[in-house]
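Q: Quick one: structure below, then a few questions.
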Amino acid sequence: MTGLLPQGLTALASAFDLASPYALLLLPLPLLAARLMPAERVGSSGALRVPASLVAEAARGESIAARGRGRAVLIWTLWSALVVALAGPRLVLPATALPASGREIMLAMDLSGSMERRDFALDGQTVTRLAAVKRVGTDFIRRRAGDRIGLVIFANESYVAASPSFDTATVARALDEATIGLVGRSTGIGDGLGLALKRLSPTGAEAGGVPQAEGAPQATAKVVILMTDGANNAGQTTPRDVAGLAKELGIRVHTIALGPRDLSNADGEQDVVDTETLRDIADLTGGRMFRVKTTDDLMAMAEAIDQIEGGRAKAPPVPLRKDLWPWPAALAFLAAAGLLASRRTA
């Protein structure tokens, strides 16, 4: 049959679908009701009362039968349109295949008070460390289409700013809106890393994480990117202990030591980065430690991680459905309006 149809109609017919096709079984319900229900008994007097409106119509020569047929058409149009709307007609349109890596990435970002220091440069101007991280980090997140990516921020406390999601634009916006002081001003590296691991672990969904959608690619790699410019001085856990847990879970941790100085050459400066601990975390979990002192280092780090965590491929297209039920519902409304109008003029 489809071979006899034009090509455009054939494509349309193949894309048509019903959400609840069994609802169409309701179409003959009025006929069954009329056949099975007992007939109404006529009064004992046997008198036939004719409405005055019908008498007037007969006097004007109007066709009572024609008016009855018109109302019957409106009633059946109303019922049929309602049943079709209930069946949920829709068009199924294939979406463009998206790149999918099967990789889950959690960014764990230090939001302590030292991130306000102005020792980075952007567009020829000196800016805070946080501003530089936001610029490079949001670009990195948007490039990770196909990854489930999330964001944890930490200072005195740790907080999930964005749960793991394929919506990279939303995660990038969460990073761009991060503010110093939101979770304190100290540096709880261990707790921040621990919360990131919790959201990547198999029980992360039970702890408040977002479960993967049905049909989504399963994670083949789980990665944490830990960025800090200080040393652990808050929280309930130590970074090395949490790194041991990451190794047991098979989660790779890349660490980023941010700032021009570290503990080995602090020269009395406070809140300098603990490069040695960050290197140990990366080595223990199979990740890589990046030493970032300038904005150029920051951009090179993002490019390097992009290459290390590459390997995206096309995923099967996900069908998109466009609902068509409002059209038969609108037809049912018009039929109901027509019936109401005919009753008022009767």
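Residues are referred to by chain and number: the chain letter is A, B, ... according to the order shown in the structure tokens, the number counts from 1 in that chain, and ligands are numbered separately from 1 in the order shown.
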Using only C-alpha atoms, what does the table of range 72-147 of chain A residues within 12 Å of range 247-268 of chain A look like, with each row giving the shortest atom pair and its distance in Å to one decimal, sorted by chain and ascending number, as a Markdown table?

A:
| residue | atom | partner | partner_atom | distance |
| --- | --- | --- | --- | --- |
| A:Arg103 | CA | A:Ile251 | CA | 11.0 |
| A:Glu104 | CA | A:Ile251 | CA | 9.8 |
| A:Ile105 | CA | A:Arg252 | CA | 9.6 |
| A:Met106 | CA | A:Val253 | CA | 9.5 |
| A:Leu107 | CA | A:His254 | CA | 9.7 |
| A:Ala108 | CA | A:Thr255 | CA | 9.5 |
| A:Met109 | CA | A:Ile256 | CA | 9.6 |
| A:Asp110 | CA | A:Leu258 | CA | 9.7 |
| A:Ser114 | CA | A:Gly259 | CA | 9.6 |
| A:Met115 | CA | A:Gly259 | CA | 9.1 |
| A:Glu116 | CA | A:Gly259 | CA | 11.4 |
| A:Arg117 | CA | A:Gly259 | CA | 9.2 |
| A:Arg118 | CA | A:Gly259 | CA | 10.2 |
| A:Asp119 | CA | A:Gly259 | CA | 7.9 |
| A:Phe120 | CA | A:Gly259 | CA | 8.7 |
| A:Thr128 | CA | A:Gly259 | CA | 10.7 |
| A:Arg129 | CA | A:Gly259 | CA | 7.9 |
| A:Leu130 | CA | A:Leu258 | CA | 10.3 |
| A:Ala132 | CA | A:Leu258 | CA | 10.8 |
| A:Val133 | CA | A:Leu258 | CA | 9.5 |

Q: Take the selection from the previous step and output its residues with C-alpha atoms, as a PDB file, in the first residue's frame.

A:
ATOM      1  CA  ARG A 103      32.389   9.280  30.287  1.00  0.00           C
ATOM      2  CA  GLU A 104      31.362  10.952  33.555  1.00  0.00           C
ATOM      3  CA  ILE A 105      33.357  13.960  34.746  1.00  0.00           C
ATOM      4  CA  MET A 106      33.008  15.876  38.007  1.00  0.00           C
ATOM      5  CA  LEU A 107      34.767  19.211  38.405  1.00  0.00           C
ATOM      6  CA  ALA A 108      35.718  19.907  42.024  1.00  0.00           C
ATOM      7  CA  MET A 109      36.625  23.583  42.301  1.00  0.00           C
ATOM      8  CA  ASP A 110      38.146  25.458  45.222  1.00  0.00           C
ATOM      9  CA  SER A 114      42.399  33.006  48.200  1.00  0.00           C
ATOM     10  CA  MET A 115      40.690  32.632  44.797  1.00  0.00           C
ATOM     11  CA  GLU A 116      40.095  36.404  44.987  1.00  0.00           C
ATOM     12  CA  ARG A 117      43.799  37.147  44.537  1.00  0.00           C
ATOM     13  CA  ARG A 118      44.586  39.155  41.415  1.00  0.00           C
ATOM     14  CA  ASP A 119      47.602  37.462  39.871  1.00  0.00           C
ATOM     15  CA  PHE A 120      46.203  36.210  36.540  1.00  0.00           C
ATOM     16  CA  THR A 128      41.292  37.270  40.036  1.00  0.00           C
ATOM     17  CA  ARG A 129      42.135  33.582  39.919  1.00  0.00           C
ATOM     18  CA  LEU A 130      38.417  32.816  39.997  1.00  0.00           C
ATOM     19  CA  ALA A 132      40.449  33.208  34.955  1.00  0.00           C
ATOM     20  CA  VAL A 133      39.154  29.788  36.030  1.00  0.00           C
TER      21      VAL A 133
END

Q: Find the residues around Leu27 in chain A up to 8 Å (only C-alpha atoms counted), leave out those fewer than 6 positions away in its own chain, and share them as a count of residues only.

A: 3

Q: Nearest to Asp176 in chain A: which of A:Thr294, A:Thr138, A:Ser112, A:Gln270 is it, counting only C-alpha atoms?

A: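 The shortest atom-to-atom distance to Asp176 in chain A comes from A:Thr138.
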
Q: For a quick check of understanding, using only C-alpha atoms, which of A:Leu32, A:Leu320, A:Val224, A:Ile189 has the smallest distance to Thr285 in chain A?

A: A:Val224

Q: Where in range 222-296 of chain A does DSSP assign strand (DSSP E), given as a ChimeraX atom specification?

A: /A:222-228,252-258,289-292

Q: Give me a file of those residues, with N, CA and C atoms, as a PDB file, in the first residue's frame.

A:
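File out-v8.pdb, as written:
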ATOM      1  N   LYS A 222      35.233   7.226  34.645  1.00  0.00           N
ATOM      2  CA  LYS A 222      34.781   8.215  35.619  1.00  0.00           C
ATOM      3  C   LYS A 222      35.990   9.014  36.070  1.00  0.00           C
ATOM      4  N   VAL A 223      35.845  10.329  35.968  1.00  0.00           N
ATOM      5  CA  VAL A 223      36.988  11.221  36.161  1.00  0.00           C
ATOM      6  C   VAL A 223      36.592  12.378  37.064  1.00  0.00           C
ATOM      7  N   VAL A 224      37.504  12.752  37.970  1.00  0.00           N
ATOM      8  CA  VAL A 224      37.356  13.974  38.758  1.00  0.00           C
ATOM      9  C   VAL A 224      38.496  14.910  38.380  1.00  0.00           C
ATOM     10  N   ILE A 225      38.152  16.164  38.129  1.00  0.00           N
ATOM     11  CA  ILE A 225      39.162  17.202  37.895  1.00  0.00           C
ATOM     12  C   ILE A 225      39.142  18.116  39.116  1.00  0.00           C
ATOM     13  N   LEU A 226      40.179  18.013  39.947  1.00  0.00           N
ATOM     14  CA  LEU A 226      40.259  18.727  41.220  1.00  0.00           C
ATOM     15  C   LEU A 226      41.141  19.956  41.054  1.00  0.00           C
ATOM     16  N   MET A 227      40.587  21.129  41.323  1.00  0.00           N
ATOM     17  CA  MET A 227      41.339  22.372  41.172  1.00  0.00           C
ATOM     18  C   MET A 227      41.357  23.128  42.495  1.00  0.00           C
ATOM     19  N   THR A 228      42.552  23.482  42.967  1.00  0.00           N
ATOM     20  CA  THR A 228      42.676  24.235  44.212  1.00  0.00           C
ATOM     21  C   THR A 228      43.923  25.105  44.172  1.00  0.00           C
ATOM     22  N   ARG A 252      39.540   8.049  38.200  1.00  0.00           N
ATOM     23  CA  ARG A 252      40.784   8.771  37.943  1.00  0.00           C
ATOM     24  C   ARG A 252      40.624  10.238  38.371  1.00  0.00           C
ATOM     25  N   VAL A 253      41.644  10.774  39.015  1.00  0.00           N
ATOM     26  CA  VAL A 253      41.600  12.158  39.490  1.00  0.00           C
ATOM     27  C   VAL A 253      42.757  12.942  38.875  1.00  0.00           C
ATOM     28  N   HIS A 254      42.419  13.954  38.073  1.00  0.00           N
ATOM     29  CA  HIS A 254      43.409  14.913  37.594  1.00  0.00           C
ATOM     30  C   HIS A 254      43.404  16.092  38.564  1.00  0.00           C
ATOM     31  N   THR A 255      44.590  16.529  38.988  1.00  0.00           N
ATOM     32  CA  THR A 255      44.674  17.628  39.944  1.00  0.00           C
ATOM     33  C   THR A 255      45.321  18.845  39.299  1.00  0.00           C
ATOM     34  N   ILE A 256      44.871  20.018  39.719  1.00  0.00           N
ATOM     35  CA  ILE A 256      45.378  21.287  39.187  1.00  0.00           C
ATOM     36  C   ILE A 256      45.827  22.136  40.356  1.00  0.00           C
ATOM     37  N   ALA A 257      47.143  22.385  40.425  1.00  0.00           N
ATOM     38  CA  ALA A 257      47.725  23.228  41.466  1.00  0.00           C
ATOM     39  C   ALA A 257      47.783  24.658  40.946  1.00  0.00           C
ATOM     40  N   LEU A 258      46.960  25.524  41.503  1.00  0.00           N
ATOM     41  CA  LEU A 258      46.761  26.875  40.965  1.00  0.00           C
ATOM     42  C   LEU A 258      47.508  27.903  41.817  1.00  0.00           C
ATOM     43  N   MET A 289      48.883  15.478  37.310  1.00  0.00           N
ATOM     44  CA  MET A 289      48.903  16.741  38.035  1.00  0.00           C
ATOM     45  C   MET A 289      49.388  17.851  37.105  1.00  0.00           C
ATOM     46  N   PHE A 290      48.675  18.987  37.127  1.00  0.00           N
ATOM     47  CA  PHE A 290      49.037  20.138  36.307  1.00  0.00           C
ATOM     48  C   PHE A 290      49.412  21.305  37.213  1.00  0.00           C
ATOM     49  N   ARG A 291      50.562  21.887  36.924  1.00  0.00           N
ATOM     50  CA  ARG A 291      51.013  23.074  37.684  1.00  0.00           C
ATOM     51  C   ARG A 291      50.635  24.303  36.873  1.00  0.00           C
ATOM     52  N   VAL A 292      49.739  25.113  37.406  1.00  0.00           N
ATOM     53  CA  VAL A 292      49.199  26.264  36.689  1.00  0.00           C
ATOM     54  C   VAL A 292      49.575  27.539  37.438  1.00  0.00           C
TER      55      VAL A 292
END

Q: So how far away is CA of Ser158 in chain A from CA of Gly287 in chain A, in Å?

A: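 Those two atoms sit 22.1 Å apart.
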
Q: Need the shell around Val183 in chain A: protein/DNA/RNA residues with any atom at most 9 Å away, counting only C-alpha atoms. Skip same-chain ones fewer than 2 positions apart. Format as a PDB file with N, CA, C and O atoms, in the first residue's frame?

A:
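The new file selection_14.pdb reads:
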ATOM      1  N   LEU A 111      36.676  27.179  46.112  1.00  0.00           N
ATOM      2  CA  LEU A 111      36.022  28.489  46.137  1.00  0.00           C
ATOM      3  C   LEU A 111      36.375  29.215  47.438  1.00  0.00           C
ATOM      4  O   LEU A 111      35.572  29.950  47.999  1.00  0.00           O
ATOM      5  N   SER A 112      37.602  29.002  47.894  1.00  0.00           N
ATOM      6  CA  SER A 112      38.060  29.641  49.125  1.00  0.00           C
ATOM      7  C   SER A 112      38.414  31.105  48.870  1.00  0.00           C
ATOM      8  O   SER A 112      38.458  31.565  47.724  1.00  0.00           O
ATOM      9  N   ILE A 153      31.634  22.564  44.303  1.00  0.00           N
ATOM     10  CA  ILE A 153      32.452  23.666  44.809  1.00  0.00           C
ATOM     11  C   ILE A 153      32.705  23.413  46.293  1.00  0.00           C
ATOM     12  O   ILE A 153      31.855  22.846  46.992  1.00  0.00           O
ATOM     13  N   PHE A 154      33.876  23.820  46.756  1.00  0.00           N
ATOM     14  CA  PHE A 154      34.208  23.534  48.159  1.00  0.00           C
ATOM     15  C   PHE A 154      35.033  24.659  48.747  1.00  0.00           C
ATOM     16  O   PHE A 154      35.780  25.364  48.059  1.00  0.00           O
ATOM     17  N   ALA A 155      34.871  24.841  50.046  1.00  0.00           N
ATOM     18  CA  ALA A 155      35.691  25.733  50.877  1.00  0.00           C
ATOM     19  C   ALA A 155      35.592  25.142  52.288  1.00  0.00           C
ATOM     20  O   ALA A 155      36.078  24.047  52.507  1.00  0.00           O
ATOM     21  N   ASN A 156      34.954  25.847  53.238  1.00  0.00           N
ATOM     22  CA  ASN A 156      34.675  25.214  54.530  1.00  0.00           C
ATOM     23  C   ASN A 156      33.728  24.024  54.357  1.00  0.00           C
ATOM     24  O   ASN A 156      33.881  22.986  54.998  1.00  0.00           O
ATOM     25  N   GLU A 157      32.737  24.186  53.497  1.00  0.00           N
ATOM     26  CA  GLU A 157      31.758  23.153  53.197  1.00  0.00           C
ATOM     27  C   GLU A 157      31.865  22.776  51.722  1.00  0.00           C
ATOM     28  O   GLU A 157      32.485  23.486  50.928  1.00  0.00           O
ATOM     29  N   SER A 158      31.253  21.662  51.378  1.00  0.00           N
ATOM     30  CA  SER A 158      31.216  21.220  49.983  1.00  0.00           C
ATOM     31  C   SER A 158      29.775  21.233  49.506  1.00  0.00           C
ATOM     32  O   SER A 158      28.846  20.945  50.271  1.00  0.00           O
ATOM     33  N   TYR A 159      29.598  21.559  48.228  1.00  0.00           N
ATOM     34  CA  TYR A 159      28.247  21.753  47.692  1.00  0.00           C
ATOM     35  C   TYR A 159      28.220  21.339  46.235  1.00  0.00           C
ATOM     36  O   TYR A 159      29.143  21.671  45.465  1.00  0.00           O
ATOM     37  N   THR A 179      30.320  32.032  43.452  1.00  0.00           N
ATOM     38  CA  THR A 179      30.721  33.253  44.156  1.00  0.00           C
ATOM     39  C   THR A 179      31.531  32.904  45.394  1.00  0.00           C
ATOM     40  O   THR A 179      31.187  31.974  46.131  1.00  0.00           O
ATOM     41  N   ILE A 180      32.602  33.666  45.624  1.00  0.00           N
ATOM     42  CA  ILE A 180      33.413  33.484  46.823  1.00  0.00           C
ATOM     43  C   ILE A 180      32.563  33.737  48.062  1.00  0.00           C
ATOM     44  O   ILE A 180      31.792  34.691  48.118  1.00  0.00           O
ATOM     45  N   GLY A 181      32.717  32.898  49.078  1.00  0.00           N
ATOM     46  CA  GLY A 181      31.973  33.057  50.322  1.00  0.00           C
ATOM     47  C   GLY A 181      30.702  32.242  50.373  1.00  0.00           C
ATOM     48  O   GLY A 181      30.076  32.147  51.433  1.00  0.00           O
ATOM     49  N   ARG A 185      35.346  30.249  53.419  1.00  0.00           N
ATOM     50  CA  ARG A 185      36.559  30.843  52.845  1.00  0.00           C
ATOM     51  C   ARG A 185      37.803  29.996  53.085  1.00  0.00           C
ATOM     52  O   ARG A 185      38.885  30.341  52.646  1.00  0.00           O
ATOM     53  N   SER A 186      37.686  28.867  53.811  1.00  0.00           N
ATOM     54  CA  SER A 186      38.821  27.973  54.018  1.00  0.00           C
ATOM     55  C   SER A 186      38.898  26.976  52.873  1.00  0.00           C
ATOM     56  O   SER A 186      38.199  27.108  51.866  1.00  0.00           O
TER      57      SER A 186
END

Q: Counting only C-alpha atoms, figure out which residue out of A:Ala329, A:Ala121, A:Leu182, A:Ala336 gets nearest to Lys293 in chain A.

A: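 Looking at the shortest contact to Lys293 in chain A, the residue is A:Ala121.
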